[in-house]
Amino acid sequence: MAEQISPDLGFVKDVIAGGGESLKKCFQCATCSVVCNLTPDDKPFPRKEMIYAQWGLKDKLFPNPDIWLCHQCSDCTAYCPRGAKPGEVLNAVRKLSIENYSVPRFLGKAVGSPGSLVPLLAIPTVIFFIILASLGHLNLDAIRNEAGKIAYSSLLKSYYIDGVFVPIFLFAVVSLAIGVSRYWKDMIRATGIKPKGSILDAITSTIGEILAHKRFEKCNVTIDRKLAHMLVFFSFIGLAITTAWAVTYLYGYEIMHAMGKTPYPWLLGPSPYPLTDPVKWLGNISALALLIGITLVISNRKKNTEKAGKGGYYDWLFIYIVFAIMATGILAELVRLADIAILAYVIYFAHLVVVFFLFAYAPFSKMAHMVYRATAMVFAKATERDVQS
Amino acid sequence: MEKKIGVYICTDCEIGKALDIDQLVKVATKMKAPVVKTHPSLCQKEGVDFIKKDMAAEGVNAVIIAACSLRVNYDVFDLGIPLVERVNLREGVVWSHPPNDEETQMMAEDYIRMGILKMQKMEAPEPYKVEDLCKNVLVVGGGLAGITAANEAAKAGYDVYLVEKGDSLGGWMAKLYKQTPTKPPYTDLEDPFINDLIKEIQQNPKIKVYTSSLIEKIDGAPGLYDVTIKQNGNVETFRAGAIVSASGTIPYDVTKIDHLGFGKYPNVITNYMMEELASKGQIVRPSDGKSVASVAFILCAGQRDENYLPYCSATCCIESLKQAKYVRNQDPEAKVYIFYRDMRTPGHYEYFYKSMQNDPGVFLTKGDVKGVLEDGNKNLNIEVENTLLGEKIVVNADLVVLATGMVPVSGLGEEVLPPGVKPEDEFQPYVMIEADILNLGYRQGGELPVISNGYPDSNFICFPYETRRTGIYAAGTVRAPMDITSTIEDATGAALKAIQCIESSIRGEAVHPRAGDISYADFFMQKCTQCKRCTEECPFGAINEDEKANPIYSPTRCRRCAICLGACPERIISFKNYSVDMIGNMVKNIEVPEEEEKPRAIVFACENDAYPALDMVGISRLQYTPFVRVVPLRCAGSMNLVWVADALSKGIDGILILGCEYGEDYQCHMATGSHLAKIRLSKVAETLDRLKLESGRVQMEQISISEYYKLPEVLDSFLEKLKGFGPNPYKGF
């Protein structure tokens with residue numbers, strides 16, 4: 001049966017604007033699919049994705065696990081005889097896919113467009129400024145803890161921070177969950193394949209692969225990305241544990257205190273904590289790993305620009321936000337130790353803003369790749385559409 | 001003037017080391033050559049001076065140079081006299097046979113003997129000159145090709161008559177809205193420049209333009225064409241020296257392509273109609289006059305398809321891309337679909353293709369269009385299979401444009417069989433379609449012989465500009481499908497060929513491919529039996545007939561291939577320096593040893609491909625049997641069967657003819673020469689049977705110069721075959 005095809009010219013223009021400006025250069029020689037080490041042999045990508053994108057057939061792209069099985073090694077881009085950069089094009093398609101499934105939609109659009117950067121940054125800035133102003137904590141120089149030291153917990157009690165971050169974290173989780181479940185249903189609808197076998201097995205296998213960064217090993221042109229991505233990935237995990245640890249120190253202490261018990265001595269209470277404490281070790285090591293990791297990400301991208309393409313706004317926004325989190329985090333600690341109060345608090349404030357940015361916009365930014373790609377990998381495994389390893 | 005022969009044997013290039021030169025001198029002396037000399041290197045200045053000194057001091061006026069092949073150093077050995085003959089001792093003997101060997105020596109001696117015999121029979125040719133040959137050029141057709149040819153010929157100083165059927169000049173190009181880019185960056189459409197060209201020729205006093213005119217008749221030959229035209233009922237005559245036929249094409253009749261809906265649905269149009277629409281200012285649907293929002297272009301519509309036009313019309317890809325740009329320029333939100341079989345945009349067109357490909361609103365895919373159907377809104381649903389999108393798809397569009405191919409006007413008309421040829425005959429000397437363009441007064445029909453699909457035969461390897469009529473050059477799309485740039489080049493080339501023909505005719509020289517040959521055929525009419533062989537077999541229509549079937553020969557039409565010489569059973573046709581008697585004598589004077597283990601075979605080699613191929617064998621130092629004696633022929637088709645009889649009766653064991661490829665994709669410089677040779681040979685078989693000789697002793701092979709490496713095997717295995725037959729029983733008689 002012949003299929004009625006209705007190209008969407010607007011989508012073509014969106015792909016071009018979203019970093020896939022080389023899209024239309026493709027003349028379908030399929031060199032890309034031949035050099036790709038990540039594609040399954042049956043109906044390989046990215047050749048077919050290139051013409052779907054050229055023809056504006058978004059309904060063939062969004063519910064397609066293949067766009068996420070691509071890890072943008074850029075081997076295709078390096079070998080493309082026409083300079084069509086399939087890696088960049090698929091990246092732009094993924095961006096539009098995240099936007100397509102995002103809830104609410106307007107945030108999806110906003111995160112992807114440079115024009116909305118200022119308002120997006122303004123939201124956390126205004127929120128935290130209002131909190132500080134209402135607490136009367138604008139006299140930064142005078143803010144000290146009981147020991148007379150600079151203490152970020154004195155600037156903003158953790159209740160305020162958690163009062164902001166816990167809701168936005170929940171918002172992000174819910175938003176992502178809705179987006180991903182829409183994606184999952186869409187994949188089943190479009191492929192017409194119901195996952196067979198155990199989804200749990202597919203999930204376990206996917207997590208194992210992600211932790212080991214197995215797919216990155218198959219890349220040729222951008223093989224260096226494995227180390228960079230691993231450093232960023234595990235430092236995030238390290239920082240997440242650090243956060244949980246610090247929460248335990250603080251709320252454990254407070255809860256025991258509130259219950260009228262003497263808190264255990266190892267529950268240190270409000271920060272700052274001494275550098276000798278293991279939570280500081282983990283935090284600082286993770287911060288250093290993130291410093292190295294994100295710096296490598298940037299330098300790898302710069303180094304590979306010629307072969308792999310320069311990357312779009314969407315990618316660089318995410319990279320720079322991570323870099324800013326790392327930089328403000330490390331500087332906040334260093335300047336605090338150097339006892340320069342105003343600077344320390346200003347940097348800390350900036351740190352809160354960028355962390356907010358990362359969390360609140362995670363379902364709409366490149367951060368969401370973590371979840372969408374993992375979902376696609378699970379789907380591919382469950383439907384036996386997976387590359388032979 | 002008394003002929004005084006001088007034989008000069010060169011000992012350079014290993015000749016001196018490989019052969020007994022003294023013995024060669026003795027052979028030549030025995031043949032009564034008055035001057036026989038050797039020289040260490042004849043092609044050097046000293047060598048040439050050495051010969052010239054004899055010419056001056058001893059009155060030598062017929063020079064035989066026994067050295068390298070006639071294919072090399074012909075300029076060095078241009079001694080300013082007509083009688084210079086070359087004996088090929090280098091490529092033909094010492095480079096392709098073992099040195100200081102008895103058989104090699106015998107070969108060289110035979111060649112010396114044959115060279116001297118040839119020279120003894122040769123007469124100095126004199127050019128055929130006619131007074132007051134006309135230098136004007138007739139250009140038929142006033143499209144881009146005709147206008148260009150007229151302009152170029154006029155610029156070179158020749159008067160031109162341009163005859164156009166329509167009432168205005170410019171042809172198809174004048175109907176274009178825009179033309180494809182000709183300047184960097186090759187991405188912007190340009191206004192057609194045809195109007196400037198029309199103005200240019202209208203203002204040129206050397207060009208006389210006849211519009212609304214048809215050619216009634218063209219009589220005569222190059223330099224002597226009498227042209228009769230009819231303009232609005234008035235008959236006019238003038239004389240022309242050469243003709244450029246630039247009569248162009250018409251669009252293929254797309255109503256024949258049922259499944260594409262043309263003629264059935266108003267919104268299916270051709271690329272020609274699209275130009276008209278665009279020229280009117282806005283591209284609208286024919287059905288309702290609404291501006292188009294989506295247009296589908298179907299490329300190769302009825303082209304490259306055995307059911308319709310089997311060939312590619314060369315311009316449709318780029319023209320369709322151009323028309324896609326019309327649509328996109330008109331409405332930036334419009335969608336253009338292009339369904340192609342192969343995107344053929346060579347050269348600078350690639351830049352335009354890329355720029356159109358880069359347009360977000362242009363959707364390209366390879367695919368086979370299976371059908372076009374109209375929906376309720378008079379939109380079209382185009383069904384396409386094998387697309388790059390991976391499946392069978394249907395696309396809806398407001399308008400469908402079919403890329404319609406070109407049909408040469410030379411192919412429009414009834415096909416008539418050549419006189420004496422039946423439809424079932426295996427050999428069809430030419431195809432004549434009465435297209436009513438030139439109306440030539442030639443025995444072989446009024447138009448240019450055509451090859452496949454109605455295009456005038458203009459062999460792409462052997463004679464790209466020529467037709468099978470000397471002095472008449474097809475140019476532009478009537479010759480082959482081509483684009484604007486190629487048409488300009490083609491028409492310029494044709495104008496130059498026309499001029500070359502006129503000038504060569506004035507000098508009494510052959511035009512092509514034996515350019516500069518001043519010999520021409522001489523008919524000994526007293527013995528003519530009016531058998532019509534020559535008039536029928538001449539591939540170039542050079543021989544007309546009078547009412548009594550006597551041949552009437554036109555030297556300026558003639559290409560000097562001597563196929564007539566080979567055809568004539570009465571042997572009445574000869575050239576001063578190439579005759580039945582001359583070759584026959586050479587053949588008869590080859591020394592035939594009686595020993596069974598020393599067979600002899602004659603190789604008649606076409607000078608155009610086979611002979612140079614044999615030279616290549618020598619240059620490559622490949623070795624072949626020394627039992628062959630090579631006789632170069634102007635064309636395999638000039639082989640007269642009497643030579644076969646001469647050779648066999650002399651005791652020669654076999655005869656091998658090396659001609660060019662014949663048949664559909666022939667590569668014969670003389671069009672049908674090698675095929676005619678094959679046909680003549682097939683008739684020899686009966687004669688051989690009568691003589692109780694094996695018919696396999698006579699064989700023909702088709703060889704092209706690039707296949708030279710096959711020749712040693714061809715020659716050696718022929719000799720092996722002859723061994724199997726045993727010696728010619730006539731040996732020693």
# chains A, B, ... in the order shown; residues from 1 in each chain; ligands from 1
call {"tool": "select_by_dssp", "arguments": {"residues": "segment 204-347 of chain A", "states": "alpha helix (DSSP H)", "output": "PyMOL selection string"}}
result
chain A and resi 204-212+225-247+253-258+278-303+305-308+313-338+341-347
call {"tool": "interface_residues", "arguments": {"of": "chain B", "to": "chain A", "cutoff": "10 Å", "atoms": "only C-alpha atoms", "output": "ChimeraX atom specification"}}
result
/B:333-335,337,343,354-366,381-385,388-397
call {"tool": "residues_around", "arguments": {"residues": "segment 304-306 of chain B", "least_positions_apart": "5", "cutoff": "12 Å", "atoms": "only C-alpha atoms", "output": "number ranges by chain"}}
result
B: 257, 299, 311-314, 316, 340-342, 368, 403-406, 453
call {"tool": "residues_around", "arguments": {"residues": "Ala17 of chain A", "least_positions_apart": "5", "cutoff": "12 Å", "atoms": "only C-alpha atoms", "output": "list in words"}}
result
Gly10, Phe11, Val12, Ser22, Leu23, Glu88, Val89, Asn91, Ala92, Val93, Lys95, Leu96, Gly112, Ser113, Pro114, Gly311, Gly312, Tyr313 and Tyr314 of chain A; Pro360 of chain B
call {"tool": "residues_around", "arguments": {"residues": "segment 275-290 of chain B", "least_positions_apart": "3", "cutoff": "8 Å", "atoms": "only C-alpha atoms", "output": "list in words"}}
result
Lys175, Leu176, Tyr177, Pro266, Asn267, Asn271, Tyr272, Gln323, Tyr326, Val327, Gln330, Lys378, Asp398 and Leu399 of chain B
call {"tool": "write_last_selection", "arguments": {"atoms": "N, CA and C atoms", "output": "PDB file, in the first residue's frame"}}
result
ATOM      1  N   LYS B 175      11.804  30.756 -26.409  1.00  0.00           N
ATOM      2  CA  LYS B 175      10.596  30.532 -25.613  1.00  0.00           C
ATOM      3  C   LYS B 175      10.899  30.361 -24.131  1.00  0.00           C
ATOM      4  N   LEU B 176      12.162  30.395 -23.756  1.00  0.00           N
ATOM      5  CA  LEU B 176      12.506  30.217 -22.340  1.00  0.00           C
ATOM      6  C   LEU B 176      12.202  31.484 -21.551  1.00  0.00           C
ATOM      7  N   TYR B 177      11.745  31.289 -20.315  1.00  0.00           N
ATOM      8  CA  TYR B 177      11.540  32.426 -19.416  1.00  0.00           C
ATOM      9  C   TYR B 177      12.896  32.877 -18.870  1.00  0.00           C
ATOM     10  N   PRO B 266      -6.047  18.392 -16.634  1.00  0.00           N
ATOM     11  CA  PRO B 266      -5.567  19.713 -17.079  1.00  0.00           C
ATOM     12  C   PRO B 266      -4.308  20.168 -16.334  1.00  0.00           C
ATOM     13  N   ASN B 267      -4.122  19.690 -15.111  1.00  0.00           N
ATOM     14  CA  ASN B 267      -2.984  20.189 -14.331  1.00  0.00           C
ATOM     15  C   ASN B 267      -1.715  19.360 -14.490  1.00  0.00           C
ATOM     16  N   ASN B 271       7.313  20.327 -19.565  1.00  0.00           N
ATOM     17  CA  ASN B 271       8.327  21.343 -19.246  1.00  0.00           C
ATOM     18  C   ASN B 271       8.270  22.507 -20.247  1.00  0.00           C
ATOM     19  N   TYR B 272       7.889  22.201 -21.488  1.00  0.00           N
ATOM     20  CA  TYR B 272       7.777  23.272 -22.486  1.00  0.00           C
ATOM     21  C   TYR B 272       6.639  24.218 -22.099  1.00  0.00           C
ATOM     22  N   GLN B 323      13.164  25.221 -13.343  1.00  0.00           N
ATOM     23  CA  GLN B 323      11.732  25.510 -13.207  1.00  0.00           C
ATOM     24  C   GLN B 323      11.281  25.392 -11.746  1.00  0.00           C
ATOM     25  N   TYR B 326      11.753  28.658 -10.398  1.00  0.00           N
ATOM     26  CA  TYR B 326      10.652  29.578 -10.729  1.00  0.00           C
ATOM     27  C   TYR B 326       9.587  29.508  -9.631  1.00  0.00           C
ATOM     28  N   VAL B 327       9.219  28.259  -9.287  1.00  0.00           N
ATOM     29  CA  VAL B 327       8.135  28.058  -8.321  1.00  0.00           C
ATOM     30  C   VAL B 327       8.539  28.591  -6.952  1.00  0.00           C
ATOM     31  N   GLN B 330       8.563  32.305  -6.794  1.00  0.00           N
ATOM     32  CA  GLN B 330       7.216  32.874  -6.804  1.00  0.00           C
ATOM     33  C   GLN B 330       6.591  32.824  -5.410  1.00  0.00           C
ATOM     34  N   LYS B 378      -9.021  18.464  -8.410  1.00  0.00           N
ATOM     35  CA  LYS B 378      -8.156  18.547  -9.588  1.00  0.00           C
ATOM     36  C   LYS B 378      -6.673  18.633  -9.213  1.00  0.00           C
ATOM     37  N   ASP B 398      -0.399  20.356  -6.642  1.00  0.00           N
ATOM     38  CA  ASP B 398      -1.322  21.173  -7.435  1.00  0.00           C
ATOM     39  C   ASP B 398      -1.098  21.011  -8.928  1.00  0.00           C
ATOM     40  N   LEU B 399       0.179  20.780  -9.261  1.00  0.00           N
ATOM     41  CA  LEU B 399       0.563  20.801 -10.671  1.00  0.00           C
ATOM     42  C   LEU B 399       1.649  19.744 -10.878  1.00  0.00           C
TER      43      LEU B 399
END
call {"tool": "select_by_dssp", "arguments": {"residues": "segment 590-681 of chain B", "states": "strand (DSSP E)", "output": "list of chain:residue names"}}
result
B:Ala601, B:Ile602, B:Val603, B:Phe604, B:Ala605, B:Cys606, B:Val628, B:Arg629, B:Val630, B:Val631, B:Pro632, B:Leu633, B:Gly654, B:Ile655, B:Leu656, B:Ile657, B:Leu658, B:Gly659
call {"tool": "write_last_selection", "arguments": {"atoms": "C-alpha atoms", "output": "CSV table (one decimal), in the first residue's frame"}}
result
chain,number,residue,atom,x,y,z
B,601,ALA,CA,49.6,-15.4,-45.2
B,602,ILE,CA,48.6,-12.0,-46.3
B,603,VAL,CA,47.2,-9.5,-43.8
B,604,PHE,CA,45.1,-6.8,-45.4
B,605,ALA,CA,45.1,-4.2,-42.6
B,606,CYS,CA,42.8,-1.2,-42.4
B,628,VAL,CA,52.6,-12.9,-42.5
B,629,ARG,CA,52.9,-10.1,-44.9
B,630,VAL,CA,51.0,-7.0,-44.0
B,631,VAL,CA,49.4,-4.8,-46.8
B,632,PRO,CA,47.8,-1.6,-45.6
B,633,LEU,CA,44.4,-0.7,-47.1
B,654,GLY,CA,45.7,-17.8,-46.3
B,655,ILE,CA,44.4,-14.2,-46.2
B,656,LEU,CA,43.4,-12.4,-43.1
B,657,ILE,CA,41.5,-9.1,-43.2
B,658,LEU,CA,41.7,-6.8,-40.2
B,659,GLY,CA,38.9,-4.3,-40.3
call {"tool": "residues_around", "arguments": {"residues": "segment 7-14 of chain B", "least_positions_apart": "2", "cutoff": "7 Å", "atoms": "only C-alpha atoms", "output": "number ranges by chain"}}
result
B: 5, 16-18, 33, 35-42, 63-67
call {"tool": "residues_around", "arguments": {"residues": "Ala677 of chain B", "least_positions_apart": "6", "cutoff": "10 Å", "atoms": "only C-alpha atoms", "output": "ChimeraX atom specification"}}
result
/B:563,566-567,635-641,657-659,700
call {"tool": "decode", "arguments": {"residues": "segment 59-84 of chain A", "atoms": "N, CA and C atoms", "output": "CSV table (one decimal), in the first residue's frame"}}
result
chain,number,residue,atom,x,y,z
A,59,ASP,N,6.9,12.9,11.7
A,59,ASP,CA,6.2,11.7,12.2
A,59,ASP,C,7.0,10.4,12.1
A,60,LYS,N,7.9,10.5,11.1
A,60,LYS,CA,8.8,9.3,11.0
A,60,LYS,C,10.0,9.4,11.8
A,61,LEU,N,10.3,10.5,12.4
A,61,LEU,CA,11.5,10.7,13.1
A,61,LEU,C,11.3,10.7,14.6
A,62,PHE,N,10.3,11.4,15.1
A,62,PHE,CA,10.2,11.5,16.5
A,62,PHE,C,9.9,10.1,17.2
A,63,PRO,N,9.0,9.3,16.7
A,63,PRO,CA,8.8,8.0,17.4
A,63,PRO,C,9.8,6.9,17.0
A,64,ASN,N,10.9,7.3,16.6
A,64,ASN,CA,11.9,6.4,16.0
A,64,ASN,C,13.0,6.2,17.0
A,65,PRO,N,13.2,5.0,17.5
A,65,PRO,CA,14.3,4.8,18.5
A,65,PRO,C,15.7,5.1,17.9
A,66,ASP,N,15.8,4.9,16.6
A,66,ASP,CA,17.1,5.1,15.9
A,66,ASP,C,17.8,6.4,16.2
A,67,ILE,N,16.9,7.5,16.2
A,67,ILE,CA,17.6,8.8,16.4
A,67,ILE,C,18.3,8.9,17.7
A,68,TRP,N,17.9,8.0,18.7
A,68,TRP,CA,18.6,8.0,19.9
A,68,TRP,C,19.7,7.0,20.1
A,69,LEU,N,19.6,5.9,19.2
A,69,LEU,CA,20.6,4.9,19.2
A,69,LEU,C,21.9,5.6,18.7
A,70,CYS,N,21.8,6.6,17.9
A,70,CYS,CA,22.9,7.4,17.5
A,70,CYS,C,23.5,8.1,18.7
A,71,HIS,N,24.8,8.0,18.9
A,71,HIS,CA,25.5,8.6,19.9
A,71,HIS,C,26.4,9.8,19.4
A,72,GLN,N,26.1,10.2,18.2
A,72,GLN,CA,26.8,11.2,17.5
A,72,GLN,C,28.3,11.1,17.6
A,73,CYS,N,28.8,9.9,17.2
A,73,CYS,CA,30.2,9.6,17.1
A,73,CYS,C,30.8,10.6,16.1
A,74,SER,N,30.0,10.9,15.0
A,74,SER,CA,30.4,11.7,13.9
A,74,SER,C,31.3,11.0,12.9
A,75,ASP,N,31.4,9.7,13.0
A,75,ASP,CA,32.1,9.0,11.9
A,75,ASP,C,31.4,9.3,10.6
A,76,CYS,N,30.1,9.3,10.6
A,76,CYS,CA,29.3,9.6,9.4
A,76,CYS,C,29.6,11.0,8.9
A,77,THR,N,29.7,11.9,9.8
A,77,THR,CA,30.0,13.3,9.4
A,77,THR,C,31.3,13.4,8.8
A,78,ALA,N,32.3,12.7,9.4
A,78,ALA,CA,33.7,12.8,8.9
A,78,ALA,C,33.8,12.2,7.5
A,79,TYR,N,33.0,11.2,7.2
A,79,TYR,CA,33.1,10.5,5.9
A,79,TYR,C,32.1,11.0,4.9
A,80,CYS,N,31.2,11.8,5.2
A,80,CYS,CA,30.2,12.3,4.3
A,80,CYS,C,30.8,13.0,3.1
A,81,PRO,N,30.6,12.5,1.9
A,81,PRO,CA,31.3,13.1,0.7
A,81,PRO,C,30.7,14.5,0.4
A,82,ARG,N,29.5,14.8,1.0
A,82,ARG,CA,28.8,15.9,0.5
A,82,ARG,C,28.8,17.0,1.6
A,83,GLY,N,29.4,16.7,2.8
A,83,GLY,CA,29.4,17.7,3.9
A,83,GLY,C,28.0,17.8,4.5
A,84,ALA,N,27.2,16.8,4.5
A,84,ALA,CA,25.8,16.9,5.0
A,84,ALA,C,25.8,16.7,6.5
